[in-house]
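A.B. asks: Pasting a structure here, questions to come.
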Amino acid sequence: MDELLLVDGANVVGSVPDGWWRDRRGAAERLRDHLAGHTERTGASVVLVVEGAARGVESVPGVTVESAPGSGDDHIVAFVERAEGPVVVVTADRELRRRVEALGARCVGPRTVWPPGR
């Protein structure tokens with residue numbers, strides 16, 4: 001099974017101070033669309049986890065969007081727990097990194113998929 005990229009949407013969007021807080025749903029949609037381009041270039045499977053005001057963002061070809069019913073971090077941990085293959089979690093959240101690495105996931109920072117000046 002190929003590696004799956006699991007993206008902590010709130011953390012990745014929040015890594016660039018571009019006014020995302022004024023429109024959290026729009027920011028999540030921009031990230032989703034950017035990730036769709038990433039999947040086209042790399043062939044990666046991508047799951048974007050959103051929470052709060054970003055809930056309800058729709059999936060697009062190449063990016064499955066999951067709305068966390070509560071904490072996005074808890075949703076990501078549960079996802080990693082039930083995953084059947086390798087998972088790479090995209091986040092800068094130290095506590096989330098600790099939790100998912102304990103389950104065998106690999107972690108990378110937001111700039112891996114969401115560079116400044118994108």
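Each chain of the structure tokens is named A, B, ... in the order shown, its residues numbered from 1; ligands are numbered from 1 in display order.
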Which of segment 10-91 of chain A counts as helix (DSSP H, G or I) under DSSP, as JSON, numbers by chain please?

C.D. replies: {"A": [10, 11, 12, 13, 20, 21, 22, 24, 25, 26, 27, 28, 29, 30, 31, 32, 33, 34, 35, 36, 37, 38, 39, 40, 41, 42, 52, 53, 54, 72, 73, 74, 75, 76, 77, 78, 79, 80, 81, 82]}

A.B. asks: Would you mind listing what lies within 12 Å of segment 23-25 of chain A as a list in words, with only C-alpha atoms counted and same-chain residues fewer than 6 positions away left out?

C.D. replies: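 Everything that qualifies: Gly9, Ala10, Asn11, Val12, Val13, Gly14, Leu31, Arg32, Val50, Glu51, Gly52, Ala53, Ala54, Arg55, Gly56, Val57, Glu58 and Ser67 of chain A.
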
A.B. asks: Select, from A:Val100, A:Ala44, A:Ala105, A:Val16, the residue with the minimum atom-to-atom distance to Val87 of chain A, counting only C-alpha atoms.

C.D. replies: A:Ala105

A.B. asks: If we count only C-alpha atoms, what is near segment 77-86 of chain A at a cut-off of 12 Å, once residues fewer than 5 positions away on the same chain are taken out, given as an mmCIF file with N, CA and C atoms, in the first residue's frame?

C.D. replies:
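Writing done, so here's selection.cif:
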data_model
loop_
_atom_site.group_PDB
_atom_site.id
_atom_site.type_symbol
_atom_site.label_atom_id
_atom_site.label_comp_id
_atom_site.auth_asym_id
_atom_site.auth_seq_id
_atom_site.Cartn_x
_atom_site.Cartn_y
_atom_site.Cartn_z
ATOM 1 N N MET A 1 0.842 -1.187 0.000
ATOM 2 C CA MET A 1 0.000 0.000 0.000
ATOM 3 C C MET A 1 0.884 1.248 0.000
ATOM 4 N N ASP A 2 0.526 2.244 -0.782
ATOM 5 C CA ASP A 2 1.268 3.493 -0.844
ATOM 6 C C ASP A 2 1.063 4.307 0.429
ATOM 7 N N GLU A 3 2.014 5.187 0.662
ATOM 8 C CA GLU A 3 1.940 6.077 1.809
ATOM 9 C C GLU A 3 0.795 7.070 1.637
ATOM 10 N N LEU A 4 0.155 7.385 2.727
ATOM 11 C CA LEU A 4 -0.964 8.318 2.737
ATOM 12 C C LEU A 4 -0.525 9.589 3.451
ATOM 13 N N LEU A 5 -0.832 10.725 2.876
ATOM 14 C CA LEU A 5 -0.544 12.023 3.477
ATOM 15 C C LEU A 5 -1.799 12.482 4.219
ATOM 16 N N LEU A 6 -1.693 12.627 5.534
ATOM 17 C CA LEU A 6 -2.808 13.037 6.391
ATOM 18 C C LEU A 6 -2.499 14.447 6.887
ATOM 19 N N VAL A 7 -3.294 15.423 6.458
ATOM 20 C CA VAL A 7 -2.976 16.831 6.673
ATOM 21 C C VAL A 7 -3.835 17.429 7.790
ATOM 22 N N ASP A 8 -3.168 17.999 8.791
ATOM 23 C CA ASP A 8 -3.808 18.725 9.880
ATOM 24 C C ASP A 8 -4.157 20.112 9.350
ATOM 25 N N SER A 45 -1.712 9.986 -2.111
ATOM 26 C CA SER A 45 -3.080 9.960 -1.601
ATOM 27 C C SER A 45 -3.132 10.946 -0.453
ATOM 28 N N VAL A 47 -5.504 12.994 2.587
ATOM 29 C CA VAL A 47 -6.695 13.213 3.400
ATOM 30 C C VAL A 47 -6.450 14.500 4.181
ATOM 31 N N LEU A 48 -7.356 15.452 4.042
ATOM 32 C CA LEU A 48 -7.297 16.728 4.741
ATOM 33 C C LEU A 48 -8.322 16.696 5.866
ATOM 34 N N VAL A 49 -7.869 16.888 7.104
ATOM 35 C CA VAL A 49 -8.772 16.911 8.250
ATOM 36 C C VAL A 49 -9.041 18.361 8.622
ATOM 37 N N GLU A 66 -12.078 15.223 5.491
ATOM 38 C CA GLU A 66 -12.828 14.677 6.612
ATOM 39 C C GLU A 66 -13.047 15.787 7.625
ATOM 40 N N ALA A 68 -13.741 16.751 11.248
ATOM 41 C CA ALA A 68 -13.658 16.181 12.592
ATOM 42 C C ALA A 68 -14.884 16.627 13.387
ATOM 43 N N GLY A 70 -15.169 16.701 16.512
ATOM 44 C CA GLY A 70 -14.678 17.420 17.691
ATOM 45 C C GLY A 70 -13.280 17.925 17.385
ATOM 46 N N SER A 71 -12.330 17.486 18.177
ATOM 47 C CA SER A 71 -10.940 17.891 18.010
ATOM 48 C C SER A 71 -10.340 17.295 16.737
ATOM 49 N N GLY A 72 -9.736 18.146 15.924
ATOM 50 C CA GLY A 72 -9.052 17.658 14.727
ATOM 51 C C GLY A 72 -7.896 16.743 15.090
ATOM 52 N N GLU A 95 2.552 18.196 20.215
ATOM 53 C CA GLU A 95 1.812 17.159 20.940
ATOM 54 C C GLU A 95 1.182 16.163 19.965
ATOM 55 N N LEU A 96 0.609 16.641 18.873
ATOM 56 C CA LEU A 96 0.053 15.735 17.872
ATOM 57 C C LEU A 96 1.152 14.873 17.283
ATOM 58 N N ARG A 97 2.298 15.458 16.985
ATOM 59 C CA ARG A 97 3.432 14.682 16.472
ATOM 60 C C ARG A 97 3.786 13.546 17.437
ATOM 61 N N ARG A 98 3.883 13.873 18.716
ATOM 62 C CA ARG A 98 4.226 12.856 19.718
ATOM 63 C C ARG A 98 3.204 11.724 19.705
ATOM 64 N N ARG A 99 1.933 12.088 19.660
ATOM 65 C CA ARG A 99 0.875 11.079 19.709
ATOM 66 C C ARG A 99 0.898 10.156 18.489
ATOM 67 N N VAL A 100 1.038 10.711 17.290
ATOM 68 C CA VAL A 100 0.973 9.864 16.096
ATOM 69 C C VAL A 100 2.278 9.114 15.839
ATOM 70 N N GLU A 101 3.407 9.709 16.219
ATOM 71 C CA GLU A 101 4.678 8.985 16.071
ATOM 72 C C GLU A 101 4.704 7.763 16.978
ATOM 73 N N ALA A 102 4.065 7.852 18.147
ATOM 74 C CA ALA A 102 3.967 6.698 19.054
ATOM 75 C C ALA A 102 3.173 5.558 18.418
ATOM 76 N N LEU A 103 2.352 5.897 17.432
ATOM 77 C CA LEU A 103 1.556 4.893 16.722
ATOM 78 C C LEU A 103 2.228 4.434 15.423
ATOM 79 N N GLY A 104 3.402 4.972 15.134
ATOM 80 C CA GLY A 104 4.135 4.540 13.947
ATOM 81 C C GLY A 104 4.060 5.464 12.747
ATOM 82 N N ALA A 105 3.349 6.584 12.867
ATOM 83 C CA ALA A 105 3.268 7.523 11.741
ATOM 84 C C ALA A 105 4.561 8.330 11.653
ATOM 85 N N ARG A 106 4.846 8.808 10.465
ATOM 86 C CA ARG A 106 5.951 9.726 10.244
ATOM 87 C C ARG A 106 5.350 11.117 10.146
ATOM 88 N N CYS A 107 6.071 12.134 10.601
ATOM 89 C CA CYS A 107 5.558 13.501 10.556
ATOM 90 C C CYS A 107 6.471 14.404 9.740
#

A.B. asks: Find the spatial neighbours of Val60 of chain A, counting only C-alpha atoms, within a cut-off of 10 Å - ignore same-chain residues fewer than 4 positions away - and output them as a short mmCIF file (atom, residue, chain, number, x, y, z; two decimals) with all heavy atoms, in the first residue's frame.

C.D. replies:
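This went into result38.cif:
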data_model
loop_
_atom_site.label_atom_id
_atom_site.label_comp_id
_atom_site.auth_asym_id
_atom_site.auth_seq_id
_atom_site.Cartn_x
_atom_site.Cartn_y
_atom_site.Cartn_z
N GLU A 29 -10.48 25.62 1.99
CA GLU A 29 -10.74 25.31 0.58
C GLU A 29 -9.51 25.62 -0.28
O GLU A 29 -9.17 24.86 -1.19
CB GLU A 29 -11.96 26.07 0.08
CG GLU A 29 -13.25 25.54 0.66
CD GLU A 29 -14.47 26.40 0.38
OE1 GLU A 29 -14.32 27.60 0.05
OE2 GLU A 29 -15.59 25.86 0.52
N ARG A 32 -7.10 22.85 0.36
CA ARG A 32 -7.58 21.64 -0.34
C ARG A 32 -7.22 21.71 -1.83
O ARG A 32 -6.70 20.75 -2.40
CB ARG A 32 -9.09 21.52 -0.17
CG ARG A 32 -9.71 20.36 -0.93
CD ARG A 32 -11.14 20.60 -1.30
NE ARG A 32 -11.33 21.82 -2.06
CZ ARG A 32 -12.50 22.46 -2.13
NH1 ARG A 32 -13.55 22.04 -1.48
NH2 ARG A 32 -12.60 23.56 -2.87
N ASP A 33 -7.48 22.85 -2.45
CA ASP A 33 -7.20 22.99 -3.88
C ASP A 33 -5.70 22.93 -4.17
O ASP A 33 -5.28 22.35 -5.17
CB ASP A 33 -7.81 24.29 -4.40
CG ASP A 33 -9.34 24.29 -4.31
OD1 ASP A 33 -9.94 23.21 -4.11
OD2 ASP A 33 -9.92 25.39 -4.41
N LEU A 35 -3.58 21.24 -2.35
CA LEU A 35 -3.24 19.82 -2.16
C LEU A 35 -3.64 18.99 -3.37
O LEU A 35 -2.96 18.02 -3.71
CB LEU A 35 -3.89 19.27 -0.89
CG LEU A 35 -3.35 19.81 0.42
CD1 LEU A 35 -4.26 19.42 1.57
CD2 LEU A 35 -1.93 19.34 0.66
N ALA A 36 -4.72 19.35 -4.04
CA ALA A 36 -5.14 18.63 -5.26
C ALA A 36 -4.04 18.74 -6.31
O ALA A 36 -3.74 17.77 -7.01
CB ALA A 36 -6.46 19.17 -5.78
N THR A 64 -9.39 13.78 -0.20
CA THR A 64 -10.54 13.45 0.62
C THR A 64 -10.53 14.38 1.82
O THR A 64 -9.51 14.49 2.50
CB THR A 64 -10.47 11.99 1.10
OG1 THR A 64 -10.42 11.13 -0.05
CG2 THR A 64 -11.64 11.63 1.98
N VAL A 65 -11.64 15.06 2.06
CA VAL A 65 -11.73 15.96 3.20
C VAL A 65 -12.60 15.29 4.26
O VAL A 65 -13.71 14.84 3.98
CB VAL A 65 -12.34 17.33 2.81
CG1 VAL A 65 -12.43 18.24 4.04
CG2 VAL A 65 -11.51 17.99 1.72
#

A.B. asks: Segment 42-94 of chain A: which residues are strand (DSSP E or B) by DSSP, as a PyMOL selection string?

C.D. replies: chain A and resi 45-50+60+63-67+87-90

A.B. asks: Output N, CA, C and O atoms for every residue in that selection, as a PDB file, in the first residue's frame.

C.D. replies:
ATOM      1  N   SER A  45      -1.712   9.986  -2.111  1.00  0.00           N
ATOM      2  CA  SER A  45      -3.080   9.960  -1.601  1.00  0.00           C
ATOM      3  C   SER A  45      -3.132  10.946  -0.453  1.00  0.00           C
ATOM      4  O   SER A  45      -2.263  10.930   0.424  1.00  0.00           O
ATOM      5  N   VAL A  46      -4.136  11.830  -0.438  1.00  0.00           N
ATOM      6  CA  VAL A  46      -4.200  12.890   0.565  1.00  0.00           C
ATOM      7  C   VAL A  46      -5.553  12.892   1.257  1.00  0.00           C
ATOM      8  O   VAL A  46      -6.594  12.827   0.602  1.00  0.00           O
ATOM      9  N   VAL A  47      -5.504  12.994   2.587  1.00  0.00           N
ATOM     10  CA  VAL A  47      -6.695  13.213   3.400  1.00  0.00           C
ATOM     11  C   VAL A  47      -6.450  14.500   4.181  1.00  0.00           C
ATOM     12  O   VAL A  47      -5.444  14.632   4.880  1.00  0.00           O
ATOM     13  N   LEU A  48      -7.356  15.452   4.042  1.00  0.00           N
ATOM     14  CA  LEU A  48      -7.297  16.728   4.741  1.00  0.00           C
ATOM     15  C   LEU A  48      -8.322  16.696   5.866  1.00  0.00           C
ATOM     16  O   LEU A  48      -9.513  16.483   5.619  1.00  0.00           O
ATOM     17  N   VAL A  49      -7.869  16.888   7.104  1.00  0.00           N
ATOM     18  CA  VAL A  49      -8.772  16.911   8.250  1.00  0.00           C
ATOM     19  C   VAL A  49      -9.041  18.361   8.622  1.00  0.00           C
ATOM     20  O   VAL A  49      -8.114  19.147   8.854  1.00  0.00           O
ATOM     21  N   VAL A  50     -10.334  18.721   8.642  1.00  0.00           N
ATOM     22  CA  VAL A  50     -10.750  20.073   9.006  1.00  0.00           C
ATOM     23  C   VAL A  50     -11.602  20.011  10.266  1.00  0.00           C
ATOM     24  O   VAL A  50     -12.169  18.970  10.595  1.00  0.00           O
ATOM     25  N   VAL A  60     -12.479  16.884  -3.191  1.00  0.00           N
ATOM     26  CA  VAL A  60     -12.291  17.086  -4.624  1.00  0.00           C
ATOM     27  C   VAL A  60     -11.453  15.921  -5.127  1.00  0.00           C
ATOM     28  O   VAL A  60     -10.843  15.202  -4.332  1.00  0.00           O
ATOM     29  N   VAL A  63      -8.180  14.654  -3.241  1.00  0.00           N
ATOM     30  CA  VAL A  63      -8.130  15.048  -1.822  1.00  0.00           C
ATOM     31  C   VAL A  63      -9.452  14.699  -1.145  1.00  0.00           C
ATOM     32  O   VAL A  63     -10.499  15.250  -1.486  1.00  0.00           O
ATOM     33  N   THR A  64      -9.392  13.783  -0.202  1.00  0.00           N
ATOM     34  CA  THR A  64     -10.541  13.451   0.620  1.00  0.00           C
ATOM     35  C   THR A  64     -10.530  14.379   1.818  1.00  0.00           C
ATOM     36  O   THR A  64      -9.509  14.490   2.501  1.00  0.00           O
ATOM     37  N   VAL A  65     -11.640  15.064   2.063  1.00  0.00           N
ATOM     38  CA  VAL A  65     -11.734  15.961   3.205  1.00  0.00           C
ATOM     39  C   VAL A  65     -12.600  15.289   4.261  1.00  0.00           C
ATOM     40  O   VAL A  65     -13.709  14.835   3.978  1.00  0.00           O
ATOM     41  N   GLU A  66     -12.078  15.223   5.491  1.00  0.00           N
ATOM     42  CA  GLU A  66     -12.828  14.677   6.612  1.00  0.00           C
ATOM     43  C   GLU A  66     -13.047  15.787   7.625  1.00  0.00           C
ATOM     44  O   GLU A  66     -12.091  16.433   8.056  1.00  0.00           O
ATOM     45  N   SER A  67     -14.305  16.001   8.006  1.00  0.00           N
ATOM     46  CA  SER A  67     -14.648  16.978   9.025  1.00  0.00           C
ATOM     47  C   SER A  67     -14.635  16.301  10.382  1.00  0.00           C
ATOM     48  O   SER A  67     -15.421  15.382  10.621  1.00  0.00           O
ATOM     49  N   VAL A  87       1.449   6.065   7.148  1.00  0.00           N
ATOM     50  CA  VAL A  87       0.814   7.383   7.157  1.00  0.00           C
ATOM     51  C   VAL A  87       1.868   8.437   7.461  1.00  0.00           C
ATOM     52  O   VAL A  87       2.682   8.266   8.361  1.00  0.00           O
ATOM     53  N   VAL A  88       1.827   9.521   6.693  1.00  0.00           N
ATOM     54  CA  VAL A  88       2.651  10.691   6.962  1.00  0.00           C
ATOM     55  C   VAL A  88       1.706  11.796   7.397  1.00  0.00           C
ATOM     56  O   VAL A  88       0.800  12.174   6.647  1.00  0.00           O
ATOM     57  N   VAL A  89       1.892  12.314   8.604  1.00  0.00           N
ATOM     58  CA  VAL A  89       1.044  13.374   9.133  1.00  0.00           C
ATOM     59  C   VAL A  89       1.751  14.706   8.912  1.00  0.00           C
ATOM     60  O   VAL A  89       2.912  14.873   9.257  1.00  0.00           O
ATOM     61  N   VAL A  90       1.019  15.646   8.314  1.00  0.00           N
ATOM     62  CA  VAL A  90       1.556  16.984   8.063  1.00  0.00           C
ATOM     63  C   VAL A  90       1.044  17.908   9.152  1.00  0.00           C
ATOM     64  O   VAL A  90      -0.153  18.230   9.188  1.00  0.00           O
TER      65      VAL A  90
END

A.B. asks: Rank A:Asp93, A:Trp21, A:Arg41, A:Gly62 by their smallest atom-to-atom distance to Pro110 of chain A, using only C-alpha atoms, and report the top residue only.

C.D. replies: A:Asp93
